[in-house]
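Student: What follows is work_16.txt, compact mmCIF, C-alpha atoms and all ligand atoms.
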```txt
# COMPACT_ATOMS: atom_id res chain seq x y z
CA VAL Q 1 23.15 21.27 -3.38
CA THR Q 2 23.30 19.99 0.17
CA ALA Q 3 20.27 21.03 2.16
CA GLN Q 4 20.83 22.12 5.74
CA PRO Q 5 19.88 19.30 8.14
CA HIS Q 6 16.64 19.79 10.02
CA ALA Q 7 15.46 18.34 13.33
CA TYR Q 8 11.94 17.34 14.40
CA ARG Q 9 11.11 17.04 18.10
CA GLY Q 10 8.21 14.83 19.19
CA SER Q 11 7.32 11.30 20.21
CA LEU Q 12 8.86 8.81 17.76
CA LEU Q 13 7.70 5.27 17.00
CA HIS Q 14 9.26 2.88 14.53
CA PHE Q 15 10.12 -0.81 14.09
CA THR Q 16 13.33 -2.57 13.12
CA ASP Q 17 11.65 -5.99 12.77
CA ASP Q 18 8.27 -7.63 13.24
CA PRO Q 19 7.43 -7.04 16.93
CA THR Q 20 5.48 -10.31 17.02
CA ARG Q 21 8.83 -12.04 16.43
CA ASP Q 22 10.92 -9.71 18.59
CA PRO Q 23 9.20 -7.29 20.98
CA ALA Q 24 12.48 -5.32 21.25
CA ALA Q 25 12.03 -4.36 17.58
CA GLN Q 26 9.53 -1.68 18.64
CA HIS Q 27 11.31 1.60 19.34
CA TYR Q 28 9.41 4.37 21.12
CA LEU Q 29 10.91 7.65 22.24
CA ASP Q 30 8.51 9.78 24.25
CA ASP Q 31 10.66 12.88 23.72
CA GLY Q 32 12.66 12.16 20.60
CA LEU Q 33 14.61 14.00 17.95
CA LEU Q 34 14.44 12.95 14.29
CA ILE Q 35 17.19 14.44 12.14
CA ILE Q 36 16.76 14.69 8.37
CA ALA Q 37 19.17 15.88 5.67
CA ASP Q 38 18.96 15.70 1.88
CA GLY Q 39 15.73 13.71 2.03
CA LYS Q 40 17.32 10.99 4.19
CA VAL Q 41 17.15 10.07 7.85
CA VAL Q 42 20.37 10.98 9.66
CA GLY Q 43 19.23 9.55 12.97
CA ALA Q 44 16.61 9.28 15.69
CA LYS Q 45 17.50 9.67 19.36
CA PRO Q 46 16.17 10.79 22.73
CA PHE Q 47 16.06 14.59 22.86
CA ALA Q 48 18.03 14.43 26.10
CA GLU Q 49 20.94 12.80 24.23
CA ALA Q 50 21.16 15.40 21.46
CA SER Q 51 24.60 16.96 20.99
CA ALA Q 52 25.20 20.71 21.04
CA ALA Q 53 25.52 20.64 17.25
CA GLU Q 54 22.20 18.77 16.94
CA LEU Q 55 20.52 21.20 19.31
CA ALA Q 56 21.77 24.03 17.13
CA LEU Q 57 19.97 22.67 14.02
CA PRO Q 58 16.82 24.37 12.82
CA ARG Q 59 14.06 22.49 14.63
CA THR Q 60 10.34 21.91 14.24
CA ASP Q 61 8.48 21.37 17.48
CA TYR Q 62 6.00 18.48 17.29
CA ARG Q 63 5.96 17.85 21.04
CA GLY Q 64 2.69 16.14 22.04
CA LYS Q 65 2.42 14.48 18.61
CA LEU Q 66 3.56 11.10 17.33
CA LEU Q 67 5.97 10.73 14.40
CA LEU Q 68 5.86 7.47 12.44
CA PRO Q 69 7.45 6.38 9.17
CA GLY Q 70 5.03 7.13 6.30
CA PHE Q 71 2.29 4.57 5.76
CA ILE Q 72 2.64 2.11 2.89
CA ASP Q 73 -0.48 0.99 1.00
CA THR Q 74 0.35 -2.17 -0.94
CA HIS Q 75 -2.88 -2.32 -2.98
CA ILE Q 76 -5.12 0.47 -4.22
CA HIS Q 77 -6.91 1.54 -7.44
CA PHE Q 78 -6.67 5.27 -8.19
CA PRO Q 79 -9.52 5.33 -10.78
CA GLN Q 80 -11.91 3.83 -8.24
CA THR Q 81 -11.65 6.77 -5.85
CA GLU Q 82 -14.91 8.27 -7.07
CA MET Q 83 -16.87 5.00 -6.78
CA VAL Q 84 -16.00 4.09 -3.19
CA ALA Q 85 -19.04 2.71 -1.33
CA ALA Q 86 -20.94 1.32 -4.34
CA TYR Q 87 -23.98 -0.56 -3.04
CA GLY Q 88 -25.05 -4.12 -2.94
CA GLU Q 89 -22.77 -6.41 -4.95
CA GLN Q 90 -19.99 -8.92 -4.48
CA LEU Q 91 -16.84 -8.97 -6.61
CA LEU Q 92 -17.85 -10.05 -10.13
CA GLU Q 93 -21.16 -8.14 -10.23
CA TRP Q 94 -19.50 -5.14 -8.56
CA LEU Q 95 -16.88 -5.08 -11.35
CA ASN Q 96 -19.49 -5.16 -14.13
CA THR Q 97 -22.00 -2.83 -12.50
CA TYR Q 98 -19.76 -0.12 -11.11
CA THR Q 99 -16.07 -0.58 -11.81
CA PHE Q 100 -15.81 -0.98 -15.56
CA PRO Q 101 -18.12 1.98 -16.40
CA THR Q 102 -16.11 4.15 -13.98
CA GLU Q 103 -12.74 3.12 -15.41
CA ARG Q 104 -14.03 3.96 -18.92
CA LYS Q 105 -13.95 7.66 -18.01
CA PHE Q 106 -10.14 7.51 -17.75
CA ALA Q 107 -9.85 7.26 -21.52
CA ASP Q 108 -9.90 11.09 -21.29
CA PRO Q 109 -6.39 12.25 -20.25
CA ASP Q 110 -7.68 15.49 -18.70
CA TYR Q 111 -10.16 13.57 -16.61
CA ALA Q 112 -7.40 11.17 -15.53
CA ALA Q 113 -5.13 14.08 -14.59
CA ARG Q 114 -7.78 15.68 -12.36
CA ARG Q 115 -8.51 12.40 -10.63
CA ALA Q 116 -4.80 11.61 -10.22
CA SER Q 117 -4.20 14.88 -8.46
CA PHE Q 118 -7.16 14.30 -6.11
CA PHE Q 119 -5.91 10.76 -5.41
CA ILE Q 120 -2.36 11.79 -4.53
CA ASP Q 121 -3.67 14.53 -2.22
CA GLU Q 122 -5.95 11.99 -0.55
CA LEU Q 123 -3.06 9.57 0.06
CA LEU Q 124 -0.99 12.33 1.66
CA ARG Q 125 -3.92 13.60 3.75
CA ASN Q 126 -4.10 10.08 5.18
CA GLY Q 127 -0.37 9.82 5.91
CA THR Q 128 0.27 7.36 3.07
CA THR Q 129 3.57 8.17 1.40
CA THR Q 130 4.08 5.06 -0.76
CA ALA Q 131 1.48 3.00 -2.59
CA LEU Q 132 1.28 0.21 -5.14
CA VAL Q 133 -1.45 1.42 -7.47
CA PHE Q 134 -3.68 0.11 -10.25
CA ALA Q 135 -4.36 2.64 -13.01
CA THR Q 136 -6.72 1.72 -15.89
CA VAL Q 137 -6.09 0.06 -19.25
CA HIS Q 138 -5.37 3.53 -20.72
CA PRO Q 139 -1.66 4.46 -20.84
CA ALA Q 140 -2.54 8.13 -20.24
CA SER Q 141 -4.00 7.18 -16.84
CA VAL Q 142 -0.56 5.92 -15.85
CA ASP Q 143 1.11 9.09 -17.14
CA ALA Q 144 -1.33 11.18 -15.12
CA LEU Q 145 -0.74 9.25 -11.92
CA PHE Q 146 3.05 9.18 -12.16
CA ALA Q 147 3.17 12.90 -13.00
CA ALA Q 148 1.07 13.75 -9.93
CA ALA Q 149 3.21 11.53 -7.65
CA ASP Q 150 6.45 12.85 -9.12
CA ALA Q 151 5.34 16.42 -8.43
CA LYS Q 152 5.38 15.46 -4.70
CA ARG Q 153 8.60 13.43 -5.13
CA MET Q 154 6.84 10.30 -3.91
CA ARG Q 155 8.07 6.74 -4.09
CA LEU Q 156 5.07 5.31 -5.89
CA ILE Q 157 4.62 2.10 -7.89
CA ALA Q 158 1.96 1.78 -10.57
CA GLY Q 159 1.12 0.31 -13.93
CA LYS Q 160 -1.27 0.07 -16.84
CA VAL Q 161 -3.97 -2.57 -16.49
CA LEU Q 162 -3.64 -5.48 -18.92
CA MET Q 163 -7.04 -6.88 -19.87
CA ASP Q 164 -7.78 -8.54 -23.22
CA ARG Q 165 -10.91 -10.62 -22.56
CA ASN Q 166 -14.02 -10.97 -20.39
CA ALA Q 167 -14.38 -7.21 -20.06
CA PRO Q 168 -16.22 -4.56 -22.12
CA ASP Q 169 -14.65 -3.74 -25.51
CA TYR Q 170 -14.13 -0.14 -24.42
CA LEU Q 171 -11.75 -1.35 -21.70
CA THR Q 172 -9.67 -4.02 -23.40
CA ASP Q 173 -6.24 -4.06 -25.03
CA THR Q 174 -4.62 -7.02 -26.81
CA ALA Q 175 -1.69 -9.19 -25.80
CA GLU Q 176 0.40 -7.27 -28.32
CA SER Q 177 -0.79 -3.69 -27.62
CA GLY Q 178 -0.69 -4.24 -23.86
CA TYR Q 179 2.88 -5.47 -24.13
CA ARG Q 180 3.98 -2.55 -26.32
CA GLN Q 181 2.24 0.11 -24.23
CA SER Q 182 3.69 -1.34 -21.02
CA GLN Q 183 7.17 -1.33 -22.53
CA ALA Q 184 6.84 2.35 -23.42
CA LEU Q 185 5.60 3.23 -19.93
CA ILE Q 186 8.45 1.27 -18.34
CA ALA Q 187 10.98 3.16 -20.45
CA LYS Q 188 9.37 6.46 -19.46
CA TRP Q 189 8.70 5.97 -15.74
CA HIS Q 190 10.53 3.01 -14.13
CA HIS Q 191 13.25 4.51 -11.90
CA HIS Q 192 12.29 8.04 -12.97
CA ASN Q 193 13.15 9.82 -9.70
CA ARG Q 194 11.47 7.65 -7.04
CA LEU Q 195 8.87 6.03 -9.29
CA LEU Q 196 8.75 2.31 -10.08
CA TYR Q 197 6.66 0.35 -12.56
CA ALA Q 198 4.35 -2.60 -11.96
CA VAL Q 199 3.25 -4.97 -14.72
CA THR Q 200 -0.48 -5.11 -13.95
CA PRO Q 201 -2.66 -7.89 -15.38
CA ARG Q 202 -6.04 -7.20 -13.70
CA PHE Q 203 -6.61 -10.86 -12.73
CA ALA Q 204 -6.45 -14.22 -14.48
CA PRO Q 205 -10.02 -14.15 -15.88
CA THR Q 206 -9.46 -10.95 -17.88
CA SER Q 207 -6.20 -11.98 -19.57
CA SER Q 208 -5.79 -14.57 -22.29
CA PRO Q 209 -2.96 -17.10 -21.99
CA ASP Q 210 -1.09 -15.04 -24.61
CA GLN Q 211 -1.43 -11.91 -22.51
CA LEU Q 212 -0.29 -13.66 -19.33
CA ALA Q 213 2.76 -14.92 -21.24
CA ALA Q 214 3.46 -11.36 -22.42
CA ALA Q 215 3.14 -10.12 -18.83
CA GLY Q 216 5.69 -12.71 -17.74
CA LYS Q 217 8.06 -11.56 -20.47
CA LEU Q 218 7.67 -7.92 -19.41
CA PHE Q 219 8.16 -8.76 -15.72
CA HIS Q 220 11.46 -10.51 -16.38
CA GLU Q 221 13.05 -8.43 -19.11
CA THR Q 222 13.61 -5.30 -16.96
CA PRO Q 223 15.20 -5.44 -13.47
CA GLU Q 224 13.25 -4.42 -10.36
CA LEU Q 225 9.82 -4.33 -11.94
CA TYR Q 226 6.77 -5.27 -9.89
CA LEU Q 227 3.97 -7.65 -10.81
CA HIS Q 228 0.63 -6.52 -9.39
CA THR Q 229 -2.61 -8.49 -9.65
CA HIS Q 230 -5.48 -10.07 -7.71
CA LEU Q 231 -5.67 -13.62 -6.32
CA SER Q 232 -8.30 -15.83 -4.63
CA GLU Q 233 -10.58 -13.07 -3.39
CA ASN Q 234 -14.02 -14.56 -3.99
CA GLN Q 235 -15.40 -18.11 -4.41
CA ASN Q 236 -17.16 -17.39 -7.73
CA GLU Q 237 -13.97 -15.81 -9.05
CA ILE Q 238 -11.94 -18.90 -8.08
CA ALA Q 239 -14.46 -21.25 -9.74
CA TRP Q 240 -14.30 -19.09 -12.89
CA VAL Q 241 -10.48 -19.25 -13.00
CA LYS Q 242 -10.62 -23.04 -12.65
CA SER Q 243 -13.07 -23.27 -15.57
CA LEU Q 244 -10.96 -20.93 -17.75
CA PHE Q 245 -7.67 -22.73 -16.98
CA PRO Q 246 -8.63 -26.40 -16.43
CA GLU Q 247 -5.11 -27.50 -17.29
CA ARG Q 248 -3.66 -25.65 -14.25
CA GLU Q 249 -3.64 -26.97 -10.67
CA GLY Q 250 -5.42 -23.95 -9.26
CA TYR Q 251 -5.60 -20.15 -9.27
CA LEU Q 252 -2.05 -19.37 -8.18
CA ASP Q 253 -0.67 -22.02 -10.52
CA VAL Q 254 -2.01 -19.95 -13.45
CA TYR Q 255 0.21 -17.03 -12.41
CA ASP Q 256 3.11 -19.29 -11.47
CA HIS Q 257 2.96 -21.03 -14.87
CA TYR Q 258 3.37 -17.74 -16.72
CA GLY Q 259 6.30 -16.57 -14.55
CA LEU Q 260 4.22 -14.11 -12.56
CA THR Q 261 5.36 -15.13 -9.06
CA GLY Q 262 8.60 -14.17 -7.32
CA PRO Q 263 10.19 -11.23 -5.52
CA ARG Q 264 8.17 -8.02 -6.18
CA ALA Q 265 5.09 -9.97 -7.25
CA VAL Q 266 2.21 -8.64 -5.12
CA PHE Q 267 -1.15 -10.42 -5.02
CA ALA Q 268 -4.14 -8.60 -3.59
CA HIS Q 269 -6.35 -10.57 -1.20
CA GLY Q 270 -5.31 -14.26 -1.21
CA ILE Q 271 -8.18 -15.06 1.13
CA HIS Q 272 -9.06 -18.58 0.00
CA LEU Q 273 -5.64 -20.13 -0.52
CA GLU Q 274 -4.81 -23.81 -0.31
CA ALA Q 275 -1.83 -24.93 1.78
CA LYS Q 276 0.23 -25.61 -1.34
CA GLU Q 277 -0.52 -22.14 -2.70
CA GLN Q 278 0.66 -20.55 0.55
CA GLN Q 279 3.87 -22.51 0.25
CA THR Q 280 4.37 -21.40 -3.36
CA LEU Q 281 3.92 -17.77 -2.35
CA ALA Q 282 6.43 -18.16 0.48
CA ASP Q 283 9.01 -20.13 -1.52
CA SER Q 284 8.86 -17.73 -4.47
CA GLY Q 285 9.24 -14.60 -2.30
CA SER Q 286 5.89 -13.24 -3.47
CA ALA Q 287 3.78 -10.97 -1.27
CA VAL Q 288 0.09 -10.73 -0.46
CA ALA Q 289 -1.83 -7.53 0.28
CA PHE Q 290 -4.30 -7.82 3.19
CA CYS Q 291 -7.23 -5.51 2.43
CA PRO Q 292 -9.68 -5.87 5.32
CA THR Q 293 -12.10 -3.02 4.55
CA SER Q 294 -12.49 -4.37 1.01
CA ASN Q 295 -12.78 -8.00 2.07
CA LEU Q 296 -15.59 -7.11 4.47
CA PHE Q 297 -17.28 -4.62 2.12
CA LEU Q 298 -17.49 -7.08 -0.80
CA GLY Q 299 -18.23 -10.00 1.55
CA SER Q 300 -15.18 -11.79 0.19
CA GLY Q 301 -14.02 -13.54 3.35
CA LEU Q 302 -11.56 -13.44 6.24
CA PHE Q 303 -7.84 -13.15 5.48
CA ARG Q 304 -5.68 -15.59 7.45
CA LEU Q 305 -2.98 -13.19 8.55
CA HIS Q 306 -1.06 -15.28 11.04
CA PRO Q 307 -1.15 -18.60 9.15
CA LEU Q 308 0.25 -16.78 6.09
CA LYS Q 309 2.94 -14.98 8.06
CA THR Q 310 3.87 -18.20 9.82
CA ALA Q 311 4.14 -19.94 6.45
CA GLY Q 312 6.71 -17.29 5.50
CA VAL Q 313 4.59 -15.20 3.13
CA ARG Q 314 5.37 -11.47 2.99
CA VAL Q 315 2.23 -9.55 3.89
CA GLY Q 316 1.47 -5.86 3.33
CA LEU Q 317 -1.67 -3.88 4.12
CA GLY Q 318 -3.87 -2.52 1.35
CA THR Q 319 -6.85 -0.21 1.35
CA ASP Q 320 -8.09 -1.49 -2.04
CA ILE Q 321 -10.02 1.71 -2.69
CA GLY Q 322 -12.72 1.62 -4.20
CA ALA Q 323 -13.78 -1.84 -2.92
CA GLY Q 324 -12.12 -0.79 0.31
CA THR Q 325 -13.94 1.95 2.17
CA SER Q 326 -11.14 4.14 3.56
CA PHE Q 327 -7.82 5.61 2.43
CA SER Q 328 -6.66 5.51 6.04
CA LEU Q 329 -4.26 2.74 7.05
CA LEU Q 330 -5.44 3.34 10.64
CA GLN Q 331 -9.03 2.55 9.62
CA THR Q 332 -7.71 -0.40 7.63
CA LEU Q 333 -6.08 -1.73 10.81
CA ASN Q 334 -9.29 -1.11 12.75
CA GLU Q 335 -11.12 -3.44 10.35
CA GLY Q 336 -8.13 -5.80 10.27
CA TYR Q 337 -8.42 -6.21 14.03
CA LYS Q 338 -12.06 -7.24 13.63
CA VAL Q 339 -11.16 -9.72 10.87
CA GLN Q 340 -8.74 -11.26 13.37
CA GLN Q 341 -11.34 -11.28 16.16
CA LEU Q 342 -13.76 -13.22 13.93
CA GLN Q 343 -11.08 -15.92 13.69
CA GLY Q 344 -10.10 -15.96 17.37
CA GLU Q 345 -6.84 -14.16 16.60
CA LYS Q 346 -5.37 -10.83 17.68
CA LEU Q 347 -3.82 -7.82 15.97
CA SER Q 348 -1.94 -5.60 18.41
CA ALA Q 349 -1.13 -1.98 17.63
CA ALA Q 350 2.54 -2.95 17.51
CA GLU Q 351 1.91 -5.58 14.84
CA GLY Q 352 -0.54 -3.35 12.99
CA LEU Q 353 1.71 -0.29 12.87
CA TYR Q 354 4.65 -2.50 11.89
CA GLN Q 355 2.56 -3.88 9.00
CA ALA Q 356 1.63 -0.34 7.92
CA THR Q 357 5.30 0.71 7.78
CA LEU Q 358 8.24 -1.73 7.74
CA GLY Q 359 6.01 -4.73 6.97
CA GLY Q 360 4.74 -2.98 3.85
CA ALA Q 361 8.28 -2.00 2.88
CA ARG Q 362 9.35 -5.65 3.19
CA ALA Q 363 6.39 -6.85 1.12
CA LEU Q 364 7.59 -4.45 -1.61
CA TYR Q 365 11.31 -5.26 -1.20
CA LEU Q 366 11.93 -1.62 -0.26
CA GLU Q 367 13.11 -2.20 3.32
CA ASP Q 368 16.55 -0.83 2.44
CA LYS Q 369 14.87 2.50 1.58
CA LEU Q 370 11.63 2.75 3.57
CA GLY Q 371 9.83 1.64 6.68
CA ASN Q 372 11.65 3.05 9.69
CA PHE Q 373 13.94 5.78 11.04
CA LEU Q 374 17.27 4.00 10.67
CA PRO Q 375 20.04 6.21 9.21
CA GLY Q 376 19.97 6.38 5.42
CA LYS Q 377 16.27 5.61 5.02
CA GLU Q 378 14.28 7.94 2.81
CA ALA Q 379 12.67 10.71 4.84
CA ASP Q 380 8.97 9.96 4.41
CA PHE Q 381 7.08 10.36 7.67
CA VAL Q 382 3.74 11.22 9.20
CA VAL Q 383 2.93 13.35 12.24
CA LEU Q 384 -0.12 12.11 14.12
CA ASP Q 385 -2.34 13.70 16.73
CA TRP Q 386 -3.07 11.17 19.46
CA ALA Q 387 -6.62 12.48 19.62
CA ALA Q 388 -8.64 14.26 16.93
CA THR Q 389 -12.09 14.21 18.56
CA PRO Q 390 -13.52 14.62 22.07
CA LEU Q 391 -14.12 10.87 22.25
CA GLN Q 392 -10.54 10.07 21.21
CA GLN Q 393 -9.33 12.61 23.78
CA LEU Q 394 -11.38 11.03 26.57
CA ARG Q 395 -10.13 7.59 25.57
CA GLN Q 396 -6.49 8.71 25.52
CA GLU Q 397 -6.84 10.34 28.94
CA ASN Q 398 -8.07 7.01 30.28
CA SER Q 399 -5.40 4.86 28.67
CA ARG Q 400 -3.36 2.43 30.74
CA ASP Q 401 -0.01 2.31 28.97
CA LEU Q 402 1.70 2.87 25.62
CA ALA Q 403 0.26 -0.28 24.04
CA ASP Q 404 -3.23 0.82 25.05
CA ARG Q 405 -2.71 4.37 23.75
CA LEU Q 406 -1.48 3.04 20.42
CA PHE Q 407 -4.34 0.56 20.18
CA ALA Q 408 -6.93 3.29 20.78
CA LEU Q 409 -5.22 5.41 18.13
CA MET Q 410 -5.22 2.51 15.65
CA MET Q 411 -8.89 1.69 16.25
CA LEU Q 412 -10.34 5.20 16.45
CA GLY Q 413 -7.89 7.16 14.32
CA ASP Q 414 -8.24 8.22 10.70
CA GLU Q 415 -7.18 11.14 8.53
CA ARG Q 416 -8.38 13.59 11.18
CA ASN Q 417 -5.37 12.42 13.22
CA VAL Q 418 -2.87 13.29 10.48
CA ALA Q 419 -1.33 16.62 11.46
CA ALA Q 420 1.35 16.63 8.76
CA THR Q 421 2.88 14.40 6.11
CA TYR Q 422 6.48 14.63 4.86
CA VAL Q 423 7.84 13.15 1.63
CA ASP Q 424 11.51 13.19 0.71
CA GLY Q 425 12.13 15.43 3.72
CA ARG Q 426 9.60 18.07 2.70
CA GLN Q 427 6.17 18.80 4.09
CA VAL Q 428 3.46 17.85 1.57
CA PHE Q 429 0.37 17.96 3.80
CA GLY Q 430 -0.76 19.91 6.84
CA PRO Q 431 -0.48 23.45 8.13
CA ALA Q 432 2.95 25.04 8.43
CA PRO Q 433 4.34 24.05 11.84
CA ARG Q 434 5.60 26.47 14.47
N1 LIG Y 501 -10.39 -8.35 -9.07
C1 LIG Y 501 -10.24 -7.92 -10.34
N2 LIG Y 501 -10.38 -6.60 -10.43
C2 LIG Y 501 -10.62 -6.15 -9.18
C3 LIG Y 501 -10.85 -4.85 -8.63
O1 LIG Y 501 -10.85 -3.83 -9.31
N3 LIG Y 501 -11.06 -4.81 -7.28
C4 LIG Y 501 -11.05 -5.92 -6.51
N4 LIG Y 501 -11.26 -5.79 -5.19
N5 LIG Y 501 -10.84 -7.13 -7.00
C5 LIG Y 501 -10.64 -7.25 -8.33
ZN ZN Y 502 -8.01 -4.48 -5.99
```
What does this structure look like when you write it as C-alpha cells?
Ligand code: GUN
Ligand code: ZN
Tutor:
Amino acid sequence: VTAQPHAYRGSLLHFTDDPTRDPAAQHYLDDGLLIIADGKVVGAKPFAEASAAELALPRTDYRGKLLLPGFIDTHIHFPQTEMVAAYGEQLLEWLNTYTFPTERKFADPDYAARRASFFIDELLRNGTTTALVFATVHPASVDALFAAADAKRMRLIAGKVLMDRNAPDYLTDTAESGYRQSQALIAKWHHHNRLLYAVTPRFAPTSSPDQLAAAGKLFHETPELYLHTHLSENQNEIAWVKSLFPEREGYLDVYDHYGLTGPRAVFAHGIHLEAKEQQTLADSGSAVAFCPTSNLFLGSGLFRLHPLKTAGVRVGLGTDIGAGTSFSLLQTLNEGYKVQQLQGEKLSAAEGLYQATLGGARALYLEDKLGNFLPGKEADFVVLDWAATPLQQLRQENSRDLADRLFALMMLGDERNVAATYVDGRQVFGPAPR
C-alpha cells in the first residue's frame, strides 16, 4: 500500500556535511515544508516555493517549532536505566557495586520486557530515534529490547553482552555459549525490519582470549553486523587491560588483534588514546562514541573531540545511560560543550547538532538512510519547542541570531523541548498536532 504523502510546516534544520568543514552544509529554513511519503523523505523546501500539488497535501502545522532529523545515540545501556545517578564510584567500583547487581535482574524475561518498553519510550520522549544499545548477557533481554523497538518501527542496533570472566558467575556466559546465543539472535533479529545486530563484548577485561576470538568470528561471518564495546575510559581499566594482555601493544591492539576493529565497530569513550591508537581507529574506519555526561559523572576524563576528528576518526555522541546522567542528546551536548571548554576548545550548536544527527549516522555507517532531510532518507524526525520554560523563553527573546538561538537551545534544552517525535513517518511521541 502506498500511503498518501504528508507535509509538515515549520522551521527546518539539517546538515549535509560537517559544518566545521563546510559552513554551507548547515541548512536552515525559517518557514519550511518537509514532505514525507511511505516512511521516506520526499523533500524539504521553503514553504514559499511549494507547488500547488504540494500545498494540496494534508499538512501538519508546526509553525513556531523546529524540525530536526531524529537524534542518534551511539552508546547506551538499556538495563542501566533504573540505576542512573548511582553515587560515589569510578568505573571499576561502579560496575561491581551497582551495575552487575542491576543487570542480574534481567535474567527474568518479564522484567526485561517491562524495562525495555520504558527504555524505548524514554528514547522517543527525548527525540532519540536510533540508538546503539547494550543489553545484558541474557538473550531474553535482547529479545525484549528488539521487540519493543520493532513495535515502534525503529532503526535500532543492539546485542547480547559477551562476558566470560572477571564478572559475577550469575552474569557470565562462555566463549562457546556466547557465540551460539549470539548466532541465534543474529538469525532472529539482524535486518528484521529496521533492526540491526551488534556483537557486544562488554570490554577486554571481561572476555577471555577465546571469547574475543569468537566475537571476531561472529563479527565477520555475517554482513553488516556491528561490533560494540568500551575502550580506554579509565586509567585503572587501561592498566588492568595491559596486565591481562601483556603480549599486546596496548588496549586497542587487543581488539585489533581479534579482528574487532573496522567499519561498524563502535568503541565507547576512547578518552585516553595514544597517537597510534587514534591512527588505527581512523585507518580501520572504526568509530568512537563521545559520552560527556558519563565521562564527567564517573570522573573518567576529557574526550579529545577535535584531535580525534582531525585524525579522521568517526565520532558519534552517546548518552551512556546509566553512567551518563541524561537520555537527552541536548543535555549531552550541553556537557560536551563544557568538556571542550575545559580543554580550550569550542563546540558550536552547528557542530553539536550535526554530531547528534548526520555525524551519528556516519559513525554508524547509516548516512545513506539517516541523518538529514535529503530525498530518500528514512523519515525519523523530532519537533522541538525553542523554549520550554520561562527562562528559556526569556533567553530566546534576547537572542542575537540563529547561531545564538540554537546554542541556547542546545545548552538549556532537554526532553521538555521535545514536542513530538516521528519514526518511519509516524508520530510515536507527543500530543496529536492540529
Ligand atoms: N566498561 C565496561 N562496562 C561498562 C559499562 O557498563 N559502562 C561504562 N561506562 N563503561 C563500561
Ligand atoms: Zn557504556
Student: Which residues are near ligand LIG 501 (chain Y) - at most 6 Å, using all atoms listed in the file? Format: as a ChimeraX atom specification.
Tutor: /Q:202-203,230,323
Student: Please produce a file of the residues just selected, as a compact mmCIF listing (two decimals), in the frame of the given file, where the atoms kept are C-alpha atoms.
Tutor:
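This is the output file selection.txt:
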```txt
# COMPACT_ATOMS: atom_id res chain seq x y z
CA ARG Q 202 -6.04 -7.20 -13.70
CA PHE Q 203 -6.61 -10.86 -12.73
CA HIS Q 230 -5.48 -10.07 -7.71
CA ALA Q 323 -13.78 -1.84 -2.92
```
Student: Residues near stretch 393-396 of chain Q, anyone? I mean within 12 Å using only C-alpha atoms, not counting same-chain ones fewer than 2 positions away, as a list in words.
Tutor: Asp385, Trp386, Ala387, Ala388, Thr389, Pro390, Leu391, Asn398, Ser399, Arg400, Asp401, Leu402, Ala403, Asp404, Arg405, Leu406, Phe407, Ala408, Leu409, Met410, Met411, Leu412, Gly413 and Asn417 of chain Q
Student: Would you put the residues from that selection into a file with C-alpha atoms, as a PDB file, keeping the file's coordinate frame?
Tutor:
```pdb
ATOM      1  CA  ASP Q 385      -2.340  13.700  16.730  1.00  0.00           C
ATOM      2  CA  TRP Q 386      -3.070  11.170  19.460  1.00  0.00           C
ATOM      3  CA  ALA Q 387      -6.620  12.480  19.620  1.00  0.00           C
ATOM      4  CA  ALA Q 388      -8.640  14.260  16.930  1.00  0.00           C
ATOM      5  CA  THR Q 389     -12.090  14.210  18.560  1.00  0.00           C
ATOM      6  CA  PRO Q 390     -13.520  14.620  22.070  1.00  0.00           C
ATOM      7  CA  LEU Q 391     -14.120  10.870  22.250  1.00  0.00           C
ATOM      8  CA  ASN Q 398      -8.070   7.010  30.280  1.00  0.00           C
ATOM      9  CA  SER Q 399      -5.400   4.860  28.670  1.00  0.00           C
ATOM     10  CA  ARG Q 400      -3.360   2.430  30.740  1.00  0.00           C
ATOM     11  CA  ASP Q 401      -0.010   2.310  28.970  1.00  0.00           C
ATOM     12  CA  LEU Q 402       1.700   2.870  25.620  1.00  0.00           C
ATOM     13  CA  ALA Q 403       0.260  -0.280  24.040  1.00  0.00           C
ATOM     14  CA  ASP Q 404      -3.230   0.820  25.050  1.00  0.00           C
ATOM     15  CA  ARG Q 405      -2.710   4.370  23.750  1.00  0.00           C
ATOM     16  CA  LEU Q 406      -1.480   3.040  20.420  1.00  0.00           C
ATOM     17  CA  PHE Q 407      -4.340   0.560  20.180  1.00  0.00           C
ATOM     18  CA  ALA Q 408      -6.930   3.290  20.780  1.00  0.00           C
ATOM     19  CA  LEU Q 409      -5.220   5.410  18.130  1.00  0.00           C
ATOM     20  CA  MET Q 410      -5.220   2.510  15.650  1.00  0.00           C
ATOM     21  CA  MET Q 411      -8.890   1.690  16.250  1.00  0.00           C
ATOM     22  CA  LEU Q 412     -10.340   5.200  16.450  1.00  0.00           C
ATOM     23  CA  GLY Q 413      -7.890   7.160  14.320  1.00  0.00           C
ATOM     24  CA  ASN Q 417      -5.370  12.420  13.220  1.00  0.00           C
TER      25      ASN Q 417
END
```
Student: Can you list, as a PyMOL selection string, every protein, DNA or RNA residue that comes within 9 Å of stretch 136-146 of chain Q when you count all atoms listed in the file, leaving out same-chain residues fewer than 2 positions away?
Tutor: chain Q and resi 77-79+103-104+106-117+119-120+134+148-151+156-163+171-173+178+181-182+185+188-189+195
Student: Please determine, counting only C-alpha atoms and all ligand atoms, which residue among Q:Val428, Q:Ala275, Q:Val266, Q:Ile72 has the shortest atom-to-atom distance to ligand ZN 502 (chain Y).
Tutor: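 Closest to ligand ZN 502 (chain Y) of all the choices is Q:Val266.
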Student: Hey, which of Q:Cys291, Q:Arg59, Q:Ala204, Q:Asp256 ends up closest to Q:Ser243? Count all atoms listed in the file.
Tutor: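 Closest to Q:Ser243, using all atoms listed in the file: Q:Ala204.
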Student: Between Q:Tyr255, Q:Phe267, Q:Phe219, Q:Tyr197, which is the closest to Q:Ala135 once you count all atoms listed in the file?
Tutor: Q:Tyr197
Student: Please identify all polymer residues lying at most 12 Å from the point (8.9, 15.6, 16.5) (file coordinates), using all atoms listed in the file, and present the result as a PyMOL selection string.
Tutor: chain Q and resi 6-13+29-36+44-47+59-69+381-385+419-420+422+433-434
Student: From the list Q:Phe15, Q:Tyr251, Q:Trp94, Q:Tyr365, which residue is nearest ligand ZN 502 (chain Y) when using only C-alpha atoms and all ligand atoms?
Tutor: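 Of the candidates, the smallest distance to ligand ZN 502 (chain Y) is held by Q:Trp94.
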Student: Given the choices Q:Leu244, Q:Ala175, Q:Leu305, Q:Leu317, which gets closest to ligand ZN 502 (chain Y) if the distance is worked out from all atoms listed in the file?
Tutor: Q:Leu317
